[in-house]
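Student: Here it is, the structure in full.
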Amino acid sequence: MSDSDGKKTLGLRGGSRPGNVKQSFSHGRTKNVVVETKRKRVVVPKPTAAKGGSVATPSGDASRRPAGISDAEMARRLKALQAAKAREVEEAQQREAEEKARAEERERRRAEQEAKEREQREAEERARQKAEDEERKRVEAEAAAKRAASDAEKKKSEPAAARPAPGPSSQPRKGDRDRDDRQNRNAKGRNDGGGRRSGKLTLGQATGGEGGRQRSMASMKRKQERARQKAMGSVEREKVIRDVQLPEAIVVSELANRMAERVGEVVKSLMNMGMMVTQNQTIDADTAELIIEEFGHKVVRVSDSDVEDVIKEVEDKDEDLQSRPPVITIMGHVDHGKTSLLDAIRDARVVAGEAGGITQHIGAYQVKTEGGAVLSFLDTPGHAAFTSMRSRGAQVTDIVVLVVAADDAVMPQTIEAINHAKAAQVPMIVAINKIDKPAADPNKVRTDLLQHEVIVEAMSGEVQDVEVSAVTGQGLDELLEAIALQAEILELKANPDRAAQGAVIEAQLDVGRGPVATVLVQNGTLRQGDIFVVGEQYGKVRALINDKGERVQEAGPSVPVEVLGLNGTPEAGDVLNVTDTEAQAREIAEYREQAAKDKRAAAGAATTLEQLMQKAKEDENVSELPILVKADVQGSAEAIVQAMEKIGNNEVRVLHSGVGAITETDIGLAEASGAPVMGFNVRANTSARNSANQKGVEIRYYSVIYDLVDDVKAAASGLLSAEIRENFIGYAEIKDVFKVSNVGKVAGCLVTEGVARRSAGVRLLRDNVVIHEGTLKTLKRFKDEVAEVQSGQECGMAFENYDDVRKGDVIEIFEREEVTRTLD
């Protein structure tokens, strides 16, 4: 064996071999192309290594080992080579197994798909065959009917002599044979299961035959998609739940747009709720919230618009806060001496200016004590009609002074004042007034307060109590000291170096000064020239007047002042905020006004006097007393309206209430509705008086609320219709039923309770259910007609126009009477 066995001589010629290839084209053209072929060298292992099956040791052939390689290194290399080959074999086997598994999975899926398609084709083929069979039978039946009809007509038209005698060998005519052959061929072609169109469904066959309107390709695709989704068990698309921003009033179309629902569905839902509306009508927030929840969305109430973002809530730093005077509210029952006590404190005579000695407004005053402390007092009315005004006073106060008369103890308005103070979560000081009277019993006051969870210090509680007398001045210094001590405990602070914010205590329309608002500044400093917005009104501070009637340039925290410069009269309880520019104030006021109008319109209320007049004309036949109220301040107007609502029975209706003098427009509204005008501390101008005289409108002036309420009660009592009241006078049980000629069925009864009267009304009860109500046709005792039958006696009764009486029924006898109603 030579050394060159199994080897080839290395050379440069083994790299590539050029050659020529002849290309042929159309029309006989040819082209010679030079092609270079590269060959890859293949290393063939030695025959001895292949035969032996074992690797030669490094020491066996040291001449072929690379230079510098030791036996151990060579052994390691060979072992690594063997491991690599083993890994290659394992990887190849693993790849082969995976490929085999994938092939089996593909084959299984293909088989499943083919089986499913085959089942679908078979179902479609069965449906098609069934439809074709039915169509063929219908066509054959129609053709047979037509042939029979035509044969019958021909037989009738031919003379009897000309008809050939039918024989057993008679054949159908040639035309009939041709037509039958064509029909059979067509039917055979359609039903041929082995034809070349077998298993294919044409568009015409799928749409139900030829002729007429055909289904579009898009419709067919939608049908196939629905069938595919049904076969796959697809889930319906999940509904998108949205957060719907809801203002106080919203148009129906806008509500549907925010919910991304159809307008028609929203209108339909509203109609199901009993609201006949269109898409352009406005609904209130509560109704819209029900609709949003019904459609499955979430409600996000929007309280203020973006225009109100200019009113910033400033977080005051601790170093900017300074001590401020406390705001003290005087509360208590009517005529317990609240205003007199305040008079004695501020050494003024306010009671003399109040009509009837009763406080009709909220007064705000500042008092400086001998110790130098400054106190701000709010004096609220104690009359029951001013509950809302007292509540408003408790909302802006720091300390409540509860005035209780020592000779009268705790009264209803005292309890209300305690509840207001507890709701406002402010500390309370009890002032036991009228201690100088002989009938004074301060211990009874302290004991009565225990029933309302007010425990004074004398009873081991935490509430301070001071015995005072507004007449003699006894205990006033102790009261002021108690207030100062309580204020010191509270550590009241505010930031005076910021934009002012305050609450409107009272608002009125002054003839000479225009709209005037009594404002208690709560934070910041209000200065002359500031631009502000308060409720639906705005303005520029033209003047500030303190409680002594003096003009001041500015008012700090806890200072009550009268503000001039408003464009209209605000509502009592509105919040005053200072803005940077007049445009901002005007925009906020206009937005609030429009929002209030939309809210009133959504609630179905009239918004203008013209609408009120139209509403009054439409309601002129209603049996009620409409009145029109004008007052000097907003709080009094509110109190009067609330007093009218409490009269009851819905017989009194306040058409309109406002602040200021009685104008000619008010007279026009009163004339349209036939209502009197009630003026509380206001008068009618000249044109209004002349108009009232011409139109016959009654104007009544009042300065005390008691008189106004009493007059309205007396006037409304005449409108009350008489009340029909039923009095049950007896019960009778039917023992037997008899038939009497000329009378009908007569019930033999036993009067079990009360008395039975001939003139009374009766009801027939069966199992305690009213079967009939009417009158008696006859009431007999033995054979005599009687007027009444006493309890325990038997009688005969017959109903007027009613005969269905049975044994065991109960007859209820009652009388109706009219009762004249009066107002409470």
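Lettering and numbering for the structure tokens are positional, with chains as A, B, ... in the shown order, residues counted from 1 in each chain, and ligands counted from 1 in the shown order.
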Taking the chain letters and numbering used in this document, name the residues of range 713-770 of chain A that DSSP puts in strand (DSSP E or B), as a PDB file with N, CA, C and O atoms, in the first residue's frame.
Tutor:
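Output file selection_22.pdb follows:
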ATOM      1  N   GLU A 723    -115.078  68.920  52.944  1.00  0.00           N
ATOM      2  CA  GLU A 723    -114.547  67.565  52.963  1.00  0.00           C
ATOM      3  C   GLU A 723    -115.690  66.576  53.187  1.00  0.00           C
ATOM      4  O   GLU A 723    -116.531  66.770  54.054  1.00  0.00           O
ATOM      5  N   ILE A 724    -115.727  65.529  52.353  1.00  0.00           N
ATOM      6  CA  ILE A 724    -116.745  64.484  52.481  1.00  0.00           C
ATOM      7  C   ILE A 724    -116.194  63.410  53.414  1.00  0.00           C
ATOM      8  O   ILE A 724    -115.163  62.796  53.129  1.00  0.00           O
ATOM      9  N   ARG A 725    -116.911  63.184  54.520  1.00  0.00           N
ATOM     10  CA  ARG A 725    -116.440  62.216  55.511  1.00  0.00           C
ATOM     11  C   ARG A 725    -117.495  61.122  55.666  1.00  0.00           C
ATOM     12  O   ARG A 725    -118.688  61.392  55.688  1.00  0.00           O
ATOM     13  N   GLU A 726    -117.009  59.870  55.740  1.00  0.00           N
ATOM     14  CA  GLU A 726    -117.916  58.728  55.893  1.00  0.00           C
ATOM     15  C   GLU A 726    -117.961  58.280  57.358  1.00  0.00           C
ATOM     16  O   GLU A 726    -116.918  58.179  58.003  1.00  0.00           O
ATOM     17  N   ASN A 727    -119.182  58.025  57.839  1.00  0.00           N
ATOM     18  CA  ASN A 727    -119.375  57.498  59.187  1.00  0.00           C
ATOM     19  C   ASN A 727    -120.071  56.149  59.073  1.00  0.00           C
ATOM     20  O   ASN A 727    -121.174  56.044  58.530  1.00  0.00           O
ATOM     21  N   PHE A 728    -119.433  55.085  59.570  1.00  0.00           N
ATOM     22  CA  PHE A 728    -120.025  53.755  59.521  1.00  0.00           C
ATOM     23  C   PHE A 728    -121.006  53.615  60.695  1.00  0.00           C
ATOM     24  O   PHE A 728    -120.642  53.822  61.850  1.00  0.00           O
ATOM     25  N   ILE A 729    -122.248  53.272  60.352  1.00  0.00           N
ATOM     26  CA  ILE A 729    -123.279  53.251  61.385  1.00  0.00           C
ATOM     27  C   ILE A 729    -123.765  51.840  61.696  1.00  0.00           C
ATOM     28  O   ILE A 729    -124.487  51.637  62.680  1.00  0.00           O
ATOM     29  N   GLY A 730    -123.378  50.848  60.881  1.00  0.00           N
ATOM     30  CA  GLY A 730    -123.853  49.517  61.201  1.00  0.00           C
ATOM     31  C   GLY A 730    -123.373  48.458  60.230  1.00  0.00           C
ATOM     32  O   GLY A 730    -122.900  48.760  59.127  1.00  0.00           O
ATOM     33  N   TYR A 731    -123.528  47.160  60.689  1.00  0.00           N
ATOM     34  CA  TYR A 731    -123.207  46.002  59.865  1.00  0.00           C
ATOM     35  C   TYR A 731    -124.348  44.994  59.998  1.00  0.00           C
ATOM     36  O   TYR A 731    -124.931  44.839  61.074  1.00  0.00           O
ATOM     37  N   ALA A 732    -124.630  44.327  58.863  1.00  0.00           N
ATOM     38  CA  ALA A 732    -125.683  43.300  58.858  1.00  0.00           C
ATOM     39  C   ALA A 732    -125.166  42.080  58.113  1.00  0.00           C
ATOM     40  O   ALA A 732    -124.449  42.221  57.115  1.00  0.00           O
ATOM     41  N   GLU A 733    -125.543  40.885  58.596  1.00  0.00           N
ATOM     42  CA  GLU A 733    -125.107  39.643  57.963  1.00  0.00           C
ATOM     43  C   GLU A 733    -126.302  38.973  57.306  1.00  0.00           C
ATOM     44  O   GLU A 733    -127.395  38.884  57.886  1.00  0.00           O
ATOM     45  N   ILE A 734    -126.105  38.514  56.039  1.00  0.00           N
ATOM     46  CA  ILE A 734    -127.183  37.865  55.287  1.00  0.00           C
ATOM     47  C   ILE A 734    -127.299  36.417  55.740  1.00  0.00           C
ATOM     48  O   ILE A 734    -126.348  35.631  55.633  1.00  0.00           O
ATOM     49  N   LYS A 735    -128.482  36.064  56.273  1.00  0.00           N
ATOM     50  CA  LYS A 735    -128.731  34.707  56.752  1.00  0.00           C
ATOM     51  C   LYS A 735    -129.350  33.819  55.681  1.00  0.00           C
ATOM     52  O   LYS A 735    -129.120  32.616  55.647  1.00  0.00           O
ATOM     53  N   ASP A 736    -130.159  34.441  54.796  1.00  0.00           N
ATOM     54  CA  ASP A 736    -130.789  33.661  53.733  1.00  0.00           C
ATOM     55  C   ASP A 736    -131.228  34.619  52.643  1.00  0.00           C
ATOM     56  O   ASP A 736    -131.315  35.843  52.863  1.00  0.00           O
ATOM     57  N   VAL A 737    -131.499  34.074  51.437  1.00  0.00           N
ATOM     58  CA  VAL A 737    -131.917  34.882  50.292  1.00  0.00           C
ATOM     59  C   VAL A 737    -133.243  34.334  49.782  1.00  0.00           C
ATOM     60  O   VAL A 737    -133.400  33.115  49.599  1.00  0.00           O
ATOM     61  N   PHE A 738    -134.220  35.246  49.542  1.00  0.00           N
ATOM     62  CA  PHE A 738    -135.551  34.863  49.076  1.00  0.00           C
ATOM     63  C   PHE A 738    -135.847  35.578  47.768  1.00  0.00           C
ATOM     64  O   PHE A 738    -135.353  36.688  47.522  1.00  0.00           O
ATOM     65  N   LYS A 739    -136.658  34.916  46.935  1.00  0.00           N
ATOM     66  CA  LYS A 739    -137.112  35.538  45.702  1.00  0.00           C
ATOM     67  C   LYS A 739    -138.537  36.013  45.893  1.00  0.00           C
ATOM     68  O   LYS A 739    -139.425  35.227  46.269  1.00  0.00           O
ATOM     69  N   VAL A 740    -138.765  37.292  45.664  1.00  0.00           N
ATOM     70  CA  VAL A 740    -140.083  37.895  45.846  1.00  0.00           C
ATOM     71  C   VAL A 740    -140.509  38.480  44.509  1.00  0.00           C
ATOM     72  O   VAL A 740    -139.728  39.186  43.853  1.00  0.00           O
ATOM     73  N   GLY A 744    -137.674  41.033  43.250  1.00  0.00           N
ATOM     74  CA  GLY A 744    -136.418  40.371  42.947  1.00  0.00           C
ATOM     75  C   GLY A 744    -135.900  39.644  44.168  1.00  0.00           C
ATOM     76  O   GLY A 744    -136.672  39.147  44.987  1.00  0.00           O
ATOM     77  N   LYS A 745    -134.584  39.577  44.323  1.00  0.00           N
ATOM     78  CA  LYS A 745    -133.989  38.883  45.451  1.00  0.00           C
ATOM     79  C   LYS A 745    -133.994  39.777  46.676  1.00  0.00           C
ATOM     80  O   LYS A 745    -133.570  40.935  46.612  1.00  0.00           O
ATOM     81  N   VAL A 746    -134.428  39.220  47.788  1.00  0.00           N
ATOM     82  CA  VAL A 746    -134.450  39.941  49.051  1.00  0.00           C
ATOM     83  C   VAL A 746    -133.585  39.167  50.036  1.00  0.00           C
ATOM     84  O   VAL A 746    -133.716  37.943  50.156  1.00  0.00           O
ATOM     85  N   ALA A 747    -132.689  39.884  50.704  1.00  0.00           N
ATOM     86  CA  ALA A 747    -131.771  39.256  51.646  1.00  0.00           C
ATOM     87  C   ALA A 747    -132.365  39.315  53.042  1.00  0.00           C
ATOM     88  O   ALA A 747    -132.722  40.379  53.547  1.00  0.00           O
ATOM     89  N   GLY A 748    -132.483  38.158  53.648  1.00  0.00           N
ATOM     90  CA  GLY A 748    -132.891  38.108  55.039  1.00  0.00           C
ATOM     91  C   GLY A 748    -131.681  38.315  55.932  1.00  0.00           C
ATOM     92  O   GLY A 748    -130.776  37.480  55.957  1.00  0.00           O
ATOM     93  N   CYS A 749    -131.640  39.438  56.671  1.00  0.00           N
ATOM     94  CA  CYS A 749    -130.434  39.859  57.373  1.00  0.00           C
ATOM     95  C   CYS A 749    -130.663  39.939  58.872  1.00  0.00           C
ATOM     96  O   CYS A 749    -131.793  40.124  59.345  1.00  0.00           O
ATOM     97  N   LEU A 750    -129.519  39.860  59.588  1.00  0.00           N
ATOM     98  CA  LEU A 750    -129.487  40.106  61.018  1.00  0.00           C
ATOM     99  C   LEU A 750    -128.522  41.260  61.256  1.00  0.00           C
ATOM    100  O   LEU A 750    -127.348  41.182  60.864  1.00  0.00           O
ATOM    101  N   VAL A 751    -129.004  42.347  61.844  1.00  0.00           N
ATOM    102  CA  VAL A 751    -128.165  43.505  62.131  1.00  0.00           C
ATOM    103  C   VAL A 751    -127.247  43.143  63.290  1.00  0.00           C
ATOM    104  O   VAL A 751    -127.703  42.952  64.417  1.00  0.00           O
ATOM    105  N   THR A 752    -125.951  43.006  62.992  1.00  0.00           N
ATOM    106  CA  THR A 752    -125.000  42.550  64.015  1.00  0.00           C
ATOM    107  C   THR A 752    -124.371  43.693  64.790  1.00  0.00           C
ATOM    108  O   THR A 752    -123.873  43.495  65.904  1.00  0.00           O
ATOM    109  N   GLU A 753    -124.387  44.884  64.232  1.00  0.00           N
ATOM    110  CA  GLU A 753    -123.722  46.002  64.904  1.00  0.00           C
ATOM    111  C   GLU A 753    -124.355  47.302  64.430  1.00  0.00           C
ATOM    112  O   GLU A 753    -124.664  47.459  63.237  1.00  0.00           O
ATOM    113  N   GLY A 754    -124.548  48.249  65.363  1.00  0.00           N
ATOM    114  CA  GLY A 754    -125.059  49.554  64.994  1.00  0.00           C
ATOM    115  C   GLY A 754    -126.513  49.519  64.595  1.00  0.00           C
ATOM    116  O   GLY A 754    -127.349  48.830  65.219  1.00  0.00           O
ATOM    117  N   VAL A 755    -126.823  50.235  63.496  1.00  0.00           N
ATOM    118  CA  VAL A 755    -128.199  50.389  63.049  1.00  0.00           C
ATOM    119  C   VAL A 755    -128.223  50.394  61.534  1.00  0.00           C
ATOM    120  O   VAL A 755    -127.266  50.826  60.891  1.00  0.00           O
ATOM    121  N   ALA A 756    -129.302  49.888  60.931  1.00  0.00           N
ATOM    122  CA  ALA A 756    -129.501  49.904  59.485  1.00  0.00           C
ATOM    123  C   ALA A 756    -130.568  50.934  59.159  1.00  0.00           C
ATOM    124  O   ALA A 756    -131.674  50.861  59.714  1.00  0.00           O
ATOM    125  N   ARG A 757    -130.236  51.887  58.279  1.00  0.00           N
ATOM    126  CA  ARG A 757    -131.180  52.950  57.915  1.00  0.00           C
ATOM    127  C   ARG A 757    -131.503  52.845  56.433  1.00  0.00           C
ATOM    128  O   ARG A 757    -130.648  52.530  55.603  1.00  0.00           O
ATOM    129  N   GLY A 761    -126.209  54.827  52.764  1.00  0.00           N
ATOM    130  CA  GLY A 761    -125.527  54.085  51.718  1.00  0.00           C
ATOM    131  C   GLY A 761    -125.102  52.722  52.221  1.00  0.00           C
ATOM    132  O   GLY A 761    -124.912  52.508  53.423  1.00  0.00           O
ATOM    133  N   VAL A 762    -124.975  51.752  51.310  1.00  0.00           N
ATOM    134  CA  VAL A 762    -124.633  50.387  51.706  1.00  0.00           C
ATOM    135  C   VAL A 762    -123.535  49.859  50.781  1.00  0.00           C
ATOM    136  O   VAL A 762    -123.414  50.266  49.617  1.00  0.00           O
ATOM    137  N   ARG A 763    -122.753  48.937  51.344  1.00  0.00           N
ATOM    138  CA  ARG A 763    -121.750  48.210  50.561  1.00  0.00           C
ATOM    139  C   ARG A 763    -121.932  46.729  50.851  1.00  0.00           C
ATOM    140  O   ARG A 763    -122.155  46.333  51.997  1.00  0.00           O
ATOM    141  N   LEU A 764    -121.797  45.904  49.827  1.00  0.00           N
ATOM    142  CA  LEU A 764    -121.897  44.463  49.970  1.00  0.00           C
ATOM    143  C   LEU A 764    -120.485  43.883  50.022  1.00  0.00           C
ATOM    144  O   LEU A 764    -119.691  44.067  49.090  1.00  0.00           O
ATOM    145  N   LEU A 765    -120.147  43.201  51.122  1.00  0.00           N
ATOM    146  CA  LEU A 765    -118.810  42.630  51.324  1.00  0.00           C
ATOM    147  C   LEU A 765    -118.886  41.117  51.217  1.00  0.00           C
ATOM    148  O   LEU A 765    -119.740  40.487  51.830  1.00  0.00           O
ATOM    149  N   ARG A 766    -117.997  40.563  50.433  1.00  0.00           N
ATOM    150  CA  ARG A 766    -117.884  39.110  50.318  1.00  0.00           C
ATOM    151  C   ARG A 766    -116.426  38.737  50.549  1.00  0.00           C
ATOM    152  O   ARG A 766    -115.549  39.138  49.769  1.00  0.00           O
ATOM    153  N   VAL A 769    -114.185  41.737  50.786  1.00  0.00           N
ATOM    154  CA  VAL A 769    -113.933  42.456  49.530  1.00  0.00           C
ATOM    155  C   VAL A 769    -115.230  43.118  49.108  1.00  0.00           C
ATOM    156  O   VAL A 769    -116.297  42.482  49.122  1.00  0.00           O
ATOM    157  N   VAL A 770    -115.151  44.413  48.725  1.00  0.00           N
ATOM    158  CA  VAL A 770    -116.348  45.160  48.334  1.00  0.00           C
ATOM    159  C   VAL A 770    -116.808  44.662  46.971  1.00  0.00           C
ATOM    160  O   VAL A 770    -116.085  44.757  45.979  1.00  0.00           O
TER     161      VAL A 770
END
Student: Restricting the calculation to only C-alpha atoms: of A:Gln528, A:Thr447, A:Gln594, A:Thr775, which residue gets closest to Leu564 in chain A?
Tutor: A:Gln528
Student: Select, from A:Asn419, A:Asn546, A:Gln537, A:Thr472, the residue with the minimum atom-to-atom distance to Arg592 in chain A, counting only C-alpha atoms.
Tutor: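 Once distances to Arg592 in chain A are computed over only C-alpha atoms, the minimum belongs to A:Gln537.
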Student: What is the CA of Phe532 in chain A-CA of Thr579 in chain A distance in Å, reported with one decimal?
Tutor: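 Interatomic distance, CA of Phe532 in chain A to CA of Thr579 in chain A: 5.4 Å.
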Student: Find the residues near Ile505 in chain A: any atom within 7 Å, counting only C-alpha atoms, skip ones fewer than 6 places away on the same chain, and give them as a PyMOL selection string.
Tutor: chain A and resi 362+518-520+572-573
